[in-house]
Amino acid sequence: MSQRSDLQRRRAAVESVWSRLVPQLKTTGAATRGAGALRHELAESWVRSLHSVDPGRDSAPVTDGGAVHHRWTDSPLRRPVDDLADQLHSIADDAGFVTAVTDESGTILWTCGGRTMRRRAEQVNFAPGGRWDEQAMGTNALSLALRTGHPASVFSAEHLVAALHGWVCYCAPVHGPDGSVLGVLDMSTTWDRSNPLAMSTVRSLVSAIEVRLRTEQPPHRARDAADEVRLSCLGAGRAVRGDRPLGLRPRQVEILTLLALEPDGFSPGRLREALYGGRPVSASTFKAEISHLRRALGGGIATRRYALTVALSCDAVEVLRALRHGDAETALRLYRGPLLPHSVAPGIEEWRTQLEVAVREAVLASSHPEHALRYGEHAPYDTEVHEHALRLLVRGDARRGIAAGRLSRALRD
């Protein structure tokens, strides 16, 4: 009780400073009174931050999801974090924290934590893709650690943005073998769970990551193409490593597809639901499928939270990335049909619908008739697509016959 009372008094004190000081800084660009109650590095950060950040904003800006997936796949931090994933998940779950890893720009690449805390964190975009550098999100532990190269903690209203006043954050930078800052590790929770021991935990985890960075192979060494898994799941399902088929059963291809499409991974319960829905399937059957896939990948799947730890390329992921960049030409070239068309797994069906809608909308928005013609090969009963192709094809274009024939069949059936 005494500790909570102390935290309440501390929170009230910093809220009072925030209420007095932020309006001064917004008006004059400098504090005329009350700044002495705030740590010097925080006051300086508030001054810098107010040039680009509205204290009333409700969440962090977000970077394109496809770009974030690519950054995390290529990040030198990914393998060390994957090695420590079980420990990171355990600490976050047991202590009620959300743990995040960023790149050197302050963009979050990976998070873990319990469902409730992650949901709260996602409301302010403390999730993969969220930008937490000082220019984007003002004073916070991540931005301070990146700027100073030293561990930082920020409690309640020490955050410039009011939406973060319910949080406390503990953060430390991760240095590469050459001394450069590669990103930061942050542990965040609600202000009433503030605990000075959290910083020592963060420091210990960062030290473990840095040890792995020093002992593993150079992070920028070119990947051996023979080690990369290639997953084709549009129109059919097939996985190969180099030129060798992996020989996966349909259920294992479904699992691999879901893990490719959701690089942050699944809790065991959520993955099981995505595969089986409400069907009564034993835990041993589910675990056997995971184990077989893990063996086929030579490991490649984290244990506590199922996520890929092996280099993998996937046609469905590449289609989504192209669409996010407005590249309909590449998306249509790669799209060879519905996602695992014979699968009835609920998670696959959801992604199948999302992909079909996204590709179809790109086709209907395109002024290139070849896009509608190409998509029409995979959508024989889609009259709107065939009509769109006919509208775009000029008279005398021999391809009008193809579009007209498809439309006639669709209307007849």
# chains A, B, ... in the order shown; residues from 1 in each chain; ligands from 1

$ residues_around --residues "A:Arg214" --least-positions-apart "4" --cutoff "12 Å" --atoms "only C-alpha atoms" --output "PyMOL selection string"
chain A and resi 76-77+80+174-179+207-210+218-219

$ residues_around --residues "A:Glu15" --least-positions-apart "5" --cutoff "9 Å" --atoms "only C-alpha atoms" --output "list in words"
Arg10, Arg20, Ser156, Ala157, Glu158 and His165 of chain A

$ select_by_dssp --residues "stretch 153-226 of chain A" --states "alpha helix (DSSP H)" --output "VMD selection string"
chain A and resid 197 to 215

$ closest_atom_pairs --of "stretch 120-219 of chain A" --to "stretch 261-277 of chain A" --cutoff "12 Å" --atoms "only C-alpha atoms" --output "CSV"
residue,atom,partner,partner_atom,distance
A:Ala127,CA,A:Asp264,CA,9.9
A:Pro128,CA,A:Asp264,CA,8.2
A:Gly129,CA,A:Asp264,CA,11.4

$ write_last_selection --atoms "all heavy atoms" --output "PDB file, in the first residue's frame"
ATOM      1  N   ALA A 127       3.636  -0.928 -31.085  1.00  0.00           N
ATOM      2  CA  ALA A 127       3.508  -2.197 -31.793  1.00  0.00           C
ATOM      3  C   ALA A 127       4.368  -2.111 -33.043  1.00  0.00           C
ATOM      4  O   ALA A 127       4.815  -1.017 -33.420  1.00  0.00           O
ATOM      5  CB  ALA A 127       2.037  -2.444 -32.162  1.00  0.00           C
ATOM      6  N   PRO A 128       4.657  -3.246 -33.694  1.00  0.00           N
ATOM      7  CA  PRO A 128       5.486  -3.198 -34.895  1.00  0.00           C
ATOM      8  C   PRO A 128       4.974  -2.172 -35.913  1.00  0.00           C
ATOM      9  O   PRO A 128       3.787  -2.134 -36.235  1.00  0.00           O
ATOM     10  CB  PRO A 128       5.393  -4.636 -35.434  1.00  0.00           C
ATOM     11  CG  PRO A 128       5.238  -5.465 -34.194  1.00  0.00           C
ATOM     12  CD  PRO A 128       4.339  -4.637 -33.307  1.00  0.00           C
ATOM     13  N   GLY A 129       5.881  -1.336 -36.362  1.00  0.00           N
ATOM     14  CA  GLY A 129       5.538  -0.263 -37.297  1.00  0.00           C
ATOM     15  C   GLY A 129       5.433   1.093 -36.643  1.00  0.00           C
ATOM     16  O   GLY A 129       5.567   2.117 -37.313  1.00  0.00           O
TER      17      GLY A 129
END

$ select_by_dssp --residues "stretch 60-283 of chain A" --states "strand (DSSP E)" --output "number ranges by chain"
A: 98-102, 108-113, 152-155, 167-175, 181-190, 229-232, 238-241, 244-245

$ closest_residue --among "A:Thr330, A:Gln3, A:Thr303, A:Ser232" --to "A:Asp315" --atoms "only C-alpha atoms"
A:Ser232

$ residues_around --residues "A:Val101" --least-positions-apart "5" --cutoff "8 Å" --atoms "only C-alpha atoms" --output "list of chain:residue names"
A:Ile108, A:Leu109, A:Trp110, A:Thr111, A:Gly183, A:Val184, A:Leu185, A:Asp186

$ closest_residue --among "A:Leu160, A:Leu320, A:Leu334, A:Ile348" --to "A:Ser19" --atoms "only C-alpha atoms"
A:Leu160

$ residues_around --residues "stretch 85-90 of chain A" --least-positions-apart "4" --cutoff "8 Å" --atoms "only C-alpha atoms" --output "PDB file with N, CA and C atoms, in the first residue's frame"
ATOM      1  N   VAL A  81      17.351 -11.957 -30.610  1.00  0.00           N
ATOM      2  CA  VAL A  81      16.047 -11.839 -29.951  1.00  0.00           C
ATOM      3  C   VAL A  81      15.277 -13.154 -30.052  1.00  0.00           C
ATOM      4  N   ASP A  94       4.873 -12.656 -16.954  1.00  0.00           N
ATOM      5  CA  ASP A  94       4.858 -12.762 -15.492  1.00  0.00           C
ATOM      6  C   ASP A  94       4.777 -11.401 -14.816  1.00  0.00           C
ATOM      7  N   THR A  99       7.121  -5.855 -24.022  1.00  0.00           N
ATOM      8  CA  THR A  99       8.527  -5.706 -24.394  1.00  0.00           C
ATOM      9  C   THR A  99       8.616  -5.417 -25.890  1.00  0.00           C
ATOM     10  N   CYS A 112       6.338  -8.344 -27.585  1.00  0.00           N
ATOM     11  CA  CYS A 112       5.712  -9.483 -26.929  1.00  0.00           C
ATOM     12  C   CYS A 112       5.092  -9.015 -25.626  1.00  0.00           C
ATOM     13  N   GLY A 113       4.170  -9.801 -25.110  1.00  0.00           N
ATOM     14  CA  GLY A 113       3.503  -9.457 -23.863  1.00  0.00           C
ATOM     15  C   GLY A 113       2.164 -10.147 -23.789  1.00  0.00           C
ATOM     16  N   ALA A 302      10.122 -20.542 -33.157  1.00  0.00           N
ATOM     17  CA  ALA A 302      10.275 -20.288 -31.729  1.00  0.00           C
ATOM     18  C   ALA A 302       9.280 -21.142 -30.951  1.00  0.00           C
ATOM     19  N   THR A 303       9.606 -21.436 -29.706  1.00  0.00           N
ATOM     20  CA  THR A 303       8.834 -22.428 -28.956  1.00  0.00           C
ATOM     21  C   THR A 303       7.678 -21.840 -28.159  1.00  0.00           C
ATOM     22  N   ARG A 304       7.930 -20.839 -27.338  1.00  0.00           N
ATOM     23  CA  ARG A 304       6.868 -20.353 -26.449  1.00  0.00           C
ATOM     24  C   ARG A 304       5.779 -19.613 -27.223  1.00  0.00           C
ATOM     25  N   ARG A 305       6.182 -18.757 -28.111  1.00  0.00           N
ATOM     26  CA  ARG A 305       5.247 -18.093 -29.025  1.00  0.00           C
ATOM     27  C   ARG A 305       5.664 -18.485 -30.425  1.00  0.00           C
TER      28      ARG A 305
END

$ atom_distance --atom1 "atom CA of A:Pro380" --atom2 "atom CA of A:Val363"
14.4 Å

$ closest_atom_pairs --of "stretch 129-151 of chain A" --to "stretch 47-67 of chain A" --cutoff "10 Å" --atoms "only C-alpha atoms" --output "CSV"
residue,atom,partner,partner_atom,distance
A:Gly129,CA,A:Thr63,CA,4.8
A:Gly130,CA,A:Val62,CA,4.5
A:Arg131,CA,A:Pro61,CA,5.6
A:Trp132,CA,A:Ala60,CA,6.6
A:Asp133,CA,A:Ala60,CA,9.5
A:Glu134,CA,A:Ser49,CA,6.1
A:Gln135,CA,A:Ser52,CA,5.8
A:Ala136,CA,A:Val53,CA,6.4
A:Met137,CA,A:Ala60,CA,5.9
A:Gly138,CA,A:Ser49,CA,4.7
A:Thr139,CA,A:Ser49,CA,6.6

$ write_last_selection --atoms "N, CA and C atoms" --output "JSON list (two decimals), in the first residue's frame"
[["chain", "number", "residue", "atom", "x", "y", "z"],
["A", 129, "GLY", "N", 5.88, -1.34, -36.36],
["A", 129, "GLY", "CA", 5.54, -0.26, -37.30],
["A", 129, "GLY", "C", 5.43, 1.09, -36.64],
["A", 130, "GLY", "N", 5.19, 1.13, -35.32],
["A", 130, "GLY", "CA", 5.08, 2.41, -34.63],
["A", 130, "GLY", "C", 6.42, 3.12, -34.56],
["A", 131, "ARG", "N", 6.40, 4.44, -34.81],
["A", 131, "ARG", "CA", 7.63, 5.25, -34.77],
["A", 131, "ARG", "C", 7.71, 5.97, -33.43],
["A", 132, "TRP", "N", 8.81, 5.73, -32.68],
["A", 132, "TRP", "CA", 8.94, 6.26, -31.33],
["A", 132, "TRP", "C", 10.19, 7.13, -31.17],
["A", 133, "ASP", "N", 10.73, 7.61, -32.26],
["A", 133, "ASP", "CA", 11.83, 8.57, -32.16],
["A", 133, "ASP", "C", 11.28, 9.90, -31.65],
["A", 134, "GLU", "N", 12.16, 10.77, -31.21],
["A", 134, "GLU", "CA", 11.75, 12.02, -30.57],
["A", 134, "GLU", "C", 10.95, 12.90, -31.50],
["A", 135, "GLN", "N", 11.32, 12.95, -32.76],
["A", 135, "GLN", "CA", 10.63, 13.81, -33.70],
["A", 135, "GLN", "C", 9.21, 13.33, -33.96],
["A", 136, "ALA", "N", 8.99, 12.00, -33.84],
["A", 136, "ALA", "CA", 7.67, 11.45, -34.12],
["A", 136, "ALA", "C", 6.77, 11.40, -32.89],
["A", 137, "MET", "N", 7.36, 11.06, -31.73],
["A", 137, "MET", "CA", 6.53, 10.80, -30.55],
["A", 137, "MET", "C", 7.03, 11.52, -29.30],
["A", 138, "GLY", "N", 7.92, 12.47, -29.47],
["A", 138, "GLY", "CA", 8.34, 13.29, -28.34],
["A", 138, "GLY", "C", 9.16, 12.54, -27.31],
["A", 139, "THR", "N", 9.11, 13.01, -26.08],
["A", 139, "THR", "CA", 9.92, 12.47, -25.00],
["A", 139, "THR", "C", 9.36, 11.13, -24.53]]

$ residues_around --residues "A:Ala331" --least-positions-apart "5" --cutoff "7 Å" --atoms "only C-alpha atoms" --output "list in words"
Val319, Ala322 and Leu323 of chain A

$ write_last_selection --atoms "C-alpha atoms" --output "PDB file, in the first residue's frame"
ATOM      1  CA  VAL A 319       1.812  -9.595 -53.161  1.00  0.00           C
ATOM      2  CA  ALA A 322       3.539  -4.751 -53.637  1.00  0.00           C
ATOM      3  CA  LEU A 323      -0.022  -3.600 -53.010  1.00  0.00           C
TER       4      LEU A 323
END

$ closest_residue --among "A:Leu355, A:His69, A:Thr102, A:Phe97" --to "A:Trp167" --atoms "only C-alpha atoms"
A:Phe97

$ atom_distance --atom1 "atom CA of A:Val211" --atom2 "atom CA of A:Ala100"
18.8 Å

$ closest_residue --among "A:Thr309, A:Gln123, A:Thr189, A:Thr215" --to "A:Ala260" --atoms "only C-alpha atoms"
A:Thr309
